Amino acid sequence: MKKILVLHTGGTIAMQEDEHGAVTPNLVNPLYSTIESLSSIASVVVDDYLNIPSPHMTPSLMVELAKRLKERVQNDSLDGIVVTHGTDTLEETAYLLDLVLNIENPVVVTGAMRSSNELGSDGPHNLISAVKTAASDEAYGKGVLVVLNDEIHTAKNVTKTHSSNIATFQSPQYGPIGIVTKRGVNFHHTLSHRECHPVDSLTKKVSLLKTYAGMEADIVDAVADAGINGLVIEAFGQGNVPPAIMPALDRLIKKQIPVVLVSRCYSGVVQDTYGYDGGGRTLKDLGVIFTNGLNGQKARLKLMVALELTTDNEQLQQIFLT
Ligand SMILES: NC(=O)C[C@H](N)C(=O)O
C-alpha cells in the first residue's frame, strides 16, 4: 500500500459556517473523519502544517512549504503528497511548488468551495480524489497536480474561474489531464515540457498590473517608485497596452527592471503582432519579455523565481519561452 502524506494549510476545506453564516477557520481540522475512511486507498500520515485562509498565503510561505515537502519525502519514504489549501490562491501555491520542487513523487493540491458543515460540502470528496491521484502510479513525474471536482489539472494551466461554483478549477485552452472516477484515476494527457528551478528563497519584489482602457502612466510610475525588481503587465488581447504607459515601461527597462507581458484574456498567448504605439511589436522593441500562456499571478511567481537565477534580460526571455 502506498504511503501518502496529507499536509494541511487551511482554507475553506478546513473551515465551518457559524450560525450567522460567516465561514471561519476551525481549531480542529474537520477532515479527520475523512482521513480515517482513506485506509482502503493508502496508508495516510497527516501534517497539520498551517491553518490559514489562502488570501494570507505569501511566496515566502510557499517556499517554506516546498522545503517542508522535500524534507518529508526524503525522511519519511513517502510515495506521494496531498496538500489541502484554500482555493483563492491555490493555483499560485501549486504553480510555485511545481516550479521549485525537483521530485518525481506525485504532489496533489486540493481544496473545497463549501466549508465542512455546509450542505453539499465538497471537501471530503476532493480529499479522497486527491489521495487516489497521489497514490496512482501514473501520477509519477507529472509535476504538481490540482484535483477538485473529479478532475486532474496541471498546476501550470489551472485557474480558479468561478467565485463559488464547485466546478471552479479549469485549465482554459487545454482542459484537465485526467479524471478521477469511482474505480480509479484515468490520465489522458501529459504536459509536453516540465521545468524546475530549485531556488530556496524568494527575495525579489515583483508587482502585477492589469491594463484598462485609458490607463495612465502615473500608476506604473507609482509602482516603479515602490522599489520593485520586476513588473508583470496584464495586457489587452494578444499583448497590447495603452500608449500612455509606454514611456513608463521604457524607463523601467532602461533601469534593468524587467517587464513581463501576459494577456488579460482568459485564453491564448501574447505575441508581437501589432505595430502601432503600444502594440506587441513596439513592446518587444522596448525589451519587454513575452510569456507563453501563463496568467498574471503565475507569471509574477515565475519572475520572482527567475530573478533568483539571473537579472539578464536575454536569459529571462529564455526562461519565459516555456
Ligand atoms: N474556497 C476557499 O478555500 C476560499 C477561501 N477564501 C480560501 O482561499 O481560503
# chains A, B, ... in the order shown; residues from 1 in each chain; ligands from 1
call {"tool": "residues_near_ligand", "arguments": {"ligand": "ligand 1", "cutoff": "9 Å", "atoms": "only C-alpha atoms and all ligand atoms", "output": "number ranges by chain"}}
result
A: 10-15, 23, 25, 52-57, 85-90, 111-115, 163-164, 166
call {"tool": "closest_atom_pairs", "arguments": {"of": "region 157-221 of chain A", "to": "region 58-65 of chain A", "cutoff": "9 Å", "atoms": "only C-alpha atoms", "output": "JSON lines"}}
result
{"residue": "A:Val199", "atom": "CA", "partner": "A:Val63", "partner_atom": "CA", "distance": 8.4}
{"residue": "A:Asp200", "atom": "CA", "partner": "A:Val63", "partner_atom": "CA", "distance": 6.5}
{"residue": "A:Ser201", "atom": "CA", "partner": "A:Val63", "partner_atom": "CA", "distance": 6.3}
{"residue": "A:Leu202", "atom": "CA", "partner": "A:Ser60", "partner_atom": "CA", "distance": 6.4}
{"residue": "A:Thr203", "atom": "CA", "partner": "A:Ser60", "partner_atom": "CA", "distance": 8.5}
call {"tool": "residues_around", "arguments": {"residues": "Pro176 (chain A)", "least_positions_apart": "6", "cutoff": "12 Å", "atoms": "only C-alpha atoms", "output": "count of residues only"}}
result
24
call {"tool": "closest_residue", "arguments": {"among": "A:Gln271, A:Ser207, A:Ser40, A:Asn117", "to": "Ala22 (chain A)", "atoms": "only C-alpha atoms"}}
result
A:Asn117
call {"tool": "residues_around", "arguments": {"residues": "Pro172 (chain A)", "least_positions_apart": "3", "cutoff": "7 Å", "atoms": "only C-alpha atoms", "output": "mmCIF file with C-alpha atoms, in the first residue's frame"}}
result
data_model
loop_
_atom_site.group_PDB
_atom_site.id
_atom_site.type_symbol
_atom_site.label_atom_id
_atom_site.label_comp_id
_atom_site.auth_asym_id
_atom_site.auth_seq_id
_atom_site.Cartn_x
_atom_site.Cartn_y
_atom_site.Cartn_z
ATOM 1 C CA GLY A 175 -8.633 21.126 -20.251
ATOM 2 C CA TYR A 266 -8.775 34.027 -20.337
ATOM 3 C CA SER A 267 -7.032 32.008 -23.084
#
call {"tool": "residues_around", "arguments": {"residues": "Gly239 (chain A)", "least_positions_apart": "4", "cutoff": "6 Å", "atoms": "only C-alpha atoms", "output": "mmCIF file with N, CA and C atoms, in the first residue's frame"}}
result
data_model
loop_
_atom_site.group_PDB
_atom_site.id
_atom_site.type_symbol
_atom_site.label_atom_id
_atom_site.label_comp_id
_atom_site.auth_asym_id
_atom_site.auth_seq_id
_atom_site.Cartn_x
_atom_site.Cartn_y
_atom_site.Cartn_z
ATOM 1 N N ALA A 235 -1.713 42.600 -20.283
ATOM 2 C CA ALA A 235 -2.012 43.453 -21.434
ATOM 3 C C ALA A 235 -3.359 43.086 -22.061
ATOM 4 N N SER A 263 -1.431 38.169 -21.135
ATOM 5 C CA SER A 263 -2.686 38.724 -21.644
ATOM 6 C C SER A 263 -3.733 38.723 -20.532
ATOM 7 N N VAL A 270 0.551 35.852 -25.686
ATOM 8 C CA VAL A 270 0.895 37.191 -26.190
ATOM 9 C C VAL A 270 1.917 37.057 -27.316
ATOM 10 N N GLY A 280 2.087 45.005 -29.497
ATOM 11 C CA GLY A 280 3.059 43.993 -29.087
ATOM 12 C C GLY A 280 4.425 44.160 -29.716
#
call {"tool": "residues_around", "arguments": {"residues": "Val269 (chain A)", "least_positions_apart": "2", "cutoff": "10 Å", "atoms": "only C-alpha atoms", "output": "number ranges by chain"}}
result
A: 237-239, 261-267, 271, 290-295
call {"tool": "write_last_selection", "arguments": {"atoms": "N, CA and C atoms", "output": "tab-separated table (two decimals), in the first residue's frame"}}
result
chain	number	residue	atom	x	y	z
A	237	GLY	N	-5.70	41.69	-25.06
A	237	GLY	CA	-5.66	40.76	-26.20
A	237	GLY	C	-4.34	40.04	-26.41
A	238	GLN	N	-3.77	40.19	-27.60
A	238	GLN	CA	-2.54	39.47	-27.96
A	238	GLN	C	-1.29	40.09	-27.35
A	239	GLY	N	-1.49	41.17	-26.53
A	239	GLY	CA	-0.33	41.77	-25.88
A	239	GLY	C	-0.12	43.21	-26.30
A	261	LEU	N	5.18	40.36	-19.98
A	261	LEU	CA	3.86	40.59	-20.57
A	261	LEU	C	3.01	39.32	-20.58
A	262	VAL	N	1.79	39.42	-20.04
A	262	VAL	CA	0.80	38.34	-20.18
A	262	VAL	C	-0.46	38.99	-20.75
A	263	SER	N	-1.43	38.17	-21.13
A	263	SER	CA	-2.69	38.72	-21.64
A	263	SER	C	-3.73	38.72	-20.53
A	264	ARG	N	-4.58	39.74	-20.52
A	264	ARG	CA	-5.69	39.72	-19.56
A	264	ARG	C	-6.83	38.83	-20.07
A	265	CYS	N	-6.68	38.28	-21.29
A	265	CYS	CA	-7.68	37.34	-21.81
A	265	CYS	C	-7.58	36.01	-21.06
A	266	TYR	N	-8.68	35.31	-21.03
A	266	TYR	CA	-8.77	34.03	-20.34
A	266	TYR	C	-7.92	32.94	-21.01
A	267	SER	N	-7.82	33.00	-22.34
A	267	SER	CA	-7.03	32.01	-23.08
A	267	SER	C	-6.10	32.72	-24.06
A	271	GLN	N	1.80	37.95	-28.28
A	271	GLN	CA	2.69	37.90	-29.45
A	271	GLN	C	3.00	39.32	-29.92
A	290	PHE	N	8.04	38.38	-23.29
A	290	PHE	CA	6.75	37.77	-23.62
A	290	PHE	C	6.61	36.40	-22.96
A	291	THR	N	5.39	36.06	-22.56
A	291	THR	CA	5.13	34.75	-21.92
A	291	THR	C	4.35	33.87	-22.89
A	292	ASN	N	4.19	32.62	-22.47
A	292	ASN	CA	3.61	31.64	-23.38
A	292	ASN	C	2.31	31.05	-22.82
A	293	GLY	N	1.36	31.91	-22.42
A	293	GLY	CA	0.06	31.43	-21.96
A	293	GLY	C	-0.12	31.44	-20.45
A	294	LEU	N	0.92	31.84	-19.70
A	294	LEU	CA	0.76	31.94	-18.23
A	294	LEU	C	-0.20	33.07	-17.90
A	295	ASN	N	-0.94	32.93	-16.79
A	295	ASN	CA	-1.75	34.08	-16.35
A	295	ASN	C	-0.87	35.01	-15.51
call {"tool": "atom_distance", "arguments": {"atom1": "CA of Ala226 (chain A)", "atom2": "CA of Leu96 (chain A)"}}
result
23.9 Å
call {"tool": "select_by_dssp", "arguments": {"residues": "region 111-168 of chain A", "states": "strand (DSSP E or B)", "output": "list in words"}}
result
Val144, Leu145, Val146, Val147, Leu148, Glu151, Ile152, His153, Thr154, Thr159 and Lys160 of chain A
call {"tool": "residues_around", "arguments": {"residues": "Met246 (chain A)", "least_positions_apart": "6", "cutoff": "8 Å", "atoms": "only C-alpha atoms", "output": "list in words"}}
result
Ala217, Gly278 and Leu283 of chain A
call {"tool": "write_last_selection", "arguments": {"atoms": "C-alpha atoms", "output": "PDB file, in the first residue's frame"}}
result
ATOM      1  CA  ALA A 217       1.474  56.316 -16.722  1.00  0.00           C
ATOM      2  CA  GLY A 278       1.592  50.307 -27.502  1.00  0.00           C
ATOM      3  CA  LEU A 283       6.690  46.357 -26.620  1.00  0.00           C
TER       4      LEU A 283
END
call {"tool": "closest_residue", "arguments": {"among": "A:Asp48, A:Glu195, A:Glu314, A:Glu234", "to": "Val100 (chain A)", "atoms": "only C-alpha atoms"}}
result
A:Glu195
call {"tool": "closest_residue", "arguments": {"among": "A:Gly279, A:Gly141, A:Pro247, A:Gly120", "to": "Arg194 (chain A)", "atoms": "only C-alpha atoms"}}
result
A:Gly141
call {"tool": "atom_distance", "arguments": {"atom1": "CA of Glu216 (chain A)", "atom2": "CA of Thr273 (chain A)"}}
result
22.7 Å
call {"tool": "decode", "arguments": {"residues": "region 174-194 of chain A", "atoms": "C-alpha atoms", "output": "CSV table (one decimal), in the first residue's frame"}}
result
chain,number,residue,atom,x,y,z
A,174,TYR,CA,-6.1,22.8,-22.5
A,175,GLY,CA,-8.6,21.1,-20.3
A,176,PRO,CA,-7.9,18.7,-17.5
A,177,ILE,CA,-5.2,16.0,-18.0
A,178,GLY,CA,-7.2,13.3,-16.3
A,179,ILE,CA,-10.3,12.4,-14.3
A,180,VAL,CA,-11.0,10.6,-11.0
A,181,THR,CA,-13.7,8.0,-11.1
A,182,LYS,CA,-15.2,5.7,-8.5
A,183,ARG,CA,-12.9,2.9,-9.9
A,184,GLY,CA,-9.7,4.9,-10.0
A,185,VAL,CA,-7.7,7.6,-11.9
A,186,ASN,CA,-7.5,8.0,-15.7
A,187,PHE,CA,-5.0,10.3,-17.3
A,188,HIS,CA,-5.5,11.2,-20.9
A,189,HIS,CA,-2.8,14.0,-21.4
A,190,THR,CA,0.7,14.8,-20.3
A,191,LEU,CA,2.5,18.1,-20.3
A,192,SER,CA,4.9,18.2,-23.1
A,193,HIS,CA,7.5,20.1,-21.1
A,194,ARG,CA,8.3,20.4,-17.3
